[in-house]
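Input: a single structure, listed below in structure tokens.
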Amino acid sequence: MDETPALRRAVADDAAAVRVLTREAYAKWVPVIGREPKPMQADHEEAVREHRIDLAFLEGGLAALIETIDKGDHLVIENVAVAPAFQGQGLGRYLLAHAERLALDLGYAEVRLYTNKMFEANVRLYLAVGYRIDREESSALGVTVHMSKPLRGAVPVA
């Protein structure tokens with residue numbers, strides 16, 4: 001990533017762009033798991049209303065996004081989507097670090113996320129940036145890997 005992305009929070013009018021980017025980013029996983037991953041099927045209008053979605057712009061266009069959910073004592077990363085043209089350039093790592101800063105700003109000592117076990121590249125990335133595997137959960141849709149990362153410098157939530 002040669003330039004620092006411009007970040008802004010999504011608003012209702014961004015829901016269609018969030019949907020398009022998410023579908024493009026996750027399309028590569030459809031042949032791996034034999035179905036559309038959960039983020040491709042999400043109600044993006046509701047997600048923009050109910051969650052925090054930060055949009056990353058590079059080269060004049062939407063390049064990536066990260067969706068987080070405030071759980072009151074930790075932040076959950078619900079979705080990290082990087083446009084295919086920008087994958088492999090460090091944008092996902094940049095957005096993970098952004099979510100960790102958001103969590104610290106809220107006084108949280110932990111960030112959590114989950115992913116499909118078949119998304120091996122994602123699991124490797126999360127492990128490489130300090131996440132640990134907490135548990136695996138099997139369902140009719142496959143195996144979900146639940147991960148978390150303790151954050152240094154967090155001020156405990158009162």
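Ligands are numbered from 1 in the order shown, chains are lettered A, B, ... in the order of the structure tokens, and residues start at 1 in each chain.
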Mind running range 33-113 of chain A against range 9-17 of chain A at 8 Å and telling me each contacting residue's nearest atom pair with the distance in Å (one decimal), counting only C-alpha atoms, chain and number ascending, as JSON lines?
{"residue": "A:His44", "atom": "CA", "partner": "A:Ala15", "partner_atom": "CA", "distance": 5.5}
{"residue": "A:Glu45", "atom": "CA", "partner": "A:Ala15", "partner_atom": "CA", "distance": 5.1}
{"residue": "A:Val48", "atom": "CA", "partner": "A:Ala12", "partner_atom": "CA", "distance": 6.1}
{"residue": "A:Arg49", "atom": "CA", "partner": "A:Ala12", "partner_atom": "CA", "distance": 6.7}
{"residue": "A:Arg52", "atom": "CA", "partner": "A:Arg9", "partner_atom": "CA", "distance": 7.1}
{"residue": "A:Ile53", "atom": "CA", "partner": "A:Ala10", "partner_atom": "CA", "distance": 5.4}
{"residue": "A:Asp54", "atom": "CA", "partner": "A:Arg9", "partner_atom": "CA", "distance": 4.4}
{"residue": "A:Leu55", "atom": "CA", "partner": "A:Arg9", "partner_atom": "CA", "distance": 6.0}
Exercise: range 81-84 of chain A partners within 8 Å, only C-alpha atoms, chain neighbours under 6 positions left out, as an mmCIF file with C-alpha atoms, in the first residue's frame:
data_model
loop_
_atom_site.group_PDB
_atom_site.id
_atom_site.type_symbol
_atom_site.label_atom_id
_atom_site.label_comp_id
_atom_site.auth_asym_id
_atom_site.auth_seq_id
_atom_site.Cartn_x
_atom_site.Cartn_y
_atom_site.Cartn_z
ATOM 1 C CA LEU A 21 -17.700 -4.281 -2.424
ATOM 2 C CA THR A 22 -18.526 -7.077 0.012
ATOM 3 C CA GLU A 24 -16.793 -8.690 -4.910
ATOM 4 C CA ALA A 25 -14.376 -9.278 -2.024
ATOM 5 C CA TYR A 26 -15.969 -12.561 -0.925
ATOM 6 C CA LEU A 62 -13.821 2.638 -2.453
ATOM 7 C CA ALA A 63 -11.086 0.062 -1.854
ATOM 8 C CA ALA A 64 -12.084 -1.663 1.388
ATOM 9 C CA LEU A 65 -14.256 -1.566 4.475
ATOM 10 C CA ILE A 66 -14.372 -2.818 8.023
ATOM 11 C CA LEU A 91 -5.180 -2.850 3.388
ATOM 12 C CA GLY A 92 -6.779 -5.602 5.481
#
Do you have, as a tab-separated table, the list of residues of range 52-95 of chain A lying at most 9 Å from range 113-122 of chain A, each with its nearest atom pair and that distance in Å to one decimal, counting only C-alpha atoms and ordered by chain then number?
residue	atom	partner	partner_atom	distance
A:Leu75	CA	A:Leu113	CA	8.6
A:Val76	CA	A:Leu113	CA	5.5
A:Ile77	CA	A:Leu113	CA	4.9
A:Glu78	CA	A:Leu113	CA	6.5
A:Asn79	CA	A:Leu113	CA	8.5
Please produce an output containing C-alpha atoms for each residue in the selection, written as a compact mmCIF listing (two decimals), in the first residue's frame.
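Below is the file part06.txt, written as the result:
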# COMPACT_ATOMS: atom_id res chain seq x y z
CA LEU A 75 -15.39 -4.82 19.79
CA VAL A 76 -16.34 -7.51 17.27
CA ILE A 77 -15.03 -7.27 13.73
CA GLU A 78 -17.99 -8.48 11.70
CA ASN A 79 -16.63 -7.94 8.21
| said: I'd like the interatomic distance between CA of Pro150 in chain A and CA of Leu96 in chain A, to a tenth of an Å. | reply: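 The value is 13.0 Å.
The environment of range 126-137 of chain A within 9 Å, counting only C-alpha atoms and disregarding residues fewer than 2 places along the same chain, consists of Arg93, Leu96, Ala97, Val111, Arg112, Leu113, Lys117, Ala121, Asn122, Val123, Arg124, Ser139, Gly142, Val143, Thr144, Val145, His146, Met147, Ser148, Lys149 and Pro150 of chain A.
For the atom pair formed by CA of Ala56 in chain A and CA of Ala6 in chain A, the distance is 5.6 Å, given to one decimal.
For the residues A:Ala99, A:Ala140, A:Leu104, A:Leu58, ranking by smallest atom-to-atom distance to Ile33 in chain A using only C-alpha atoms places A:Ala140 first.
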| said: Quick check for you: according to DSSP on this backbone, which residues of range 7-76 of chain A are classed as strand (DSSP E)? Reply as a list in words. | reply: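 Residues of range 7-76 of chain A classed as strand (DSSP E): Leu7, Arg8, Arg9, Arg52, Ile53, Asp54, Leu55, Ala56, Phe57, Leu58, Gly61, Leu62, Ala63, Ala64, Leu65, Ile66, Glu67, Thr68, Ile69, Asp70, Leu75 and Val76 of chain A.
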| task | Apply DSSP to the structure's backbone, then extract all residues of chain A labelled helix (DSSP H, G or I) and return them as number ranges by chain. | result | A: 12-33, 38-41, 44-50, 84-86, 91-105, 120-128
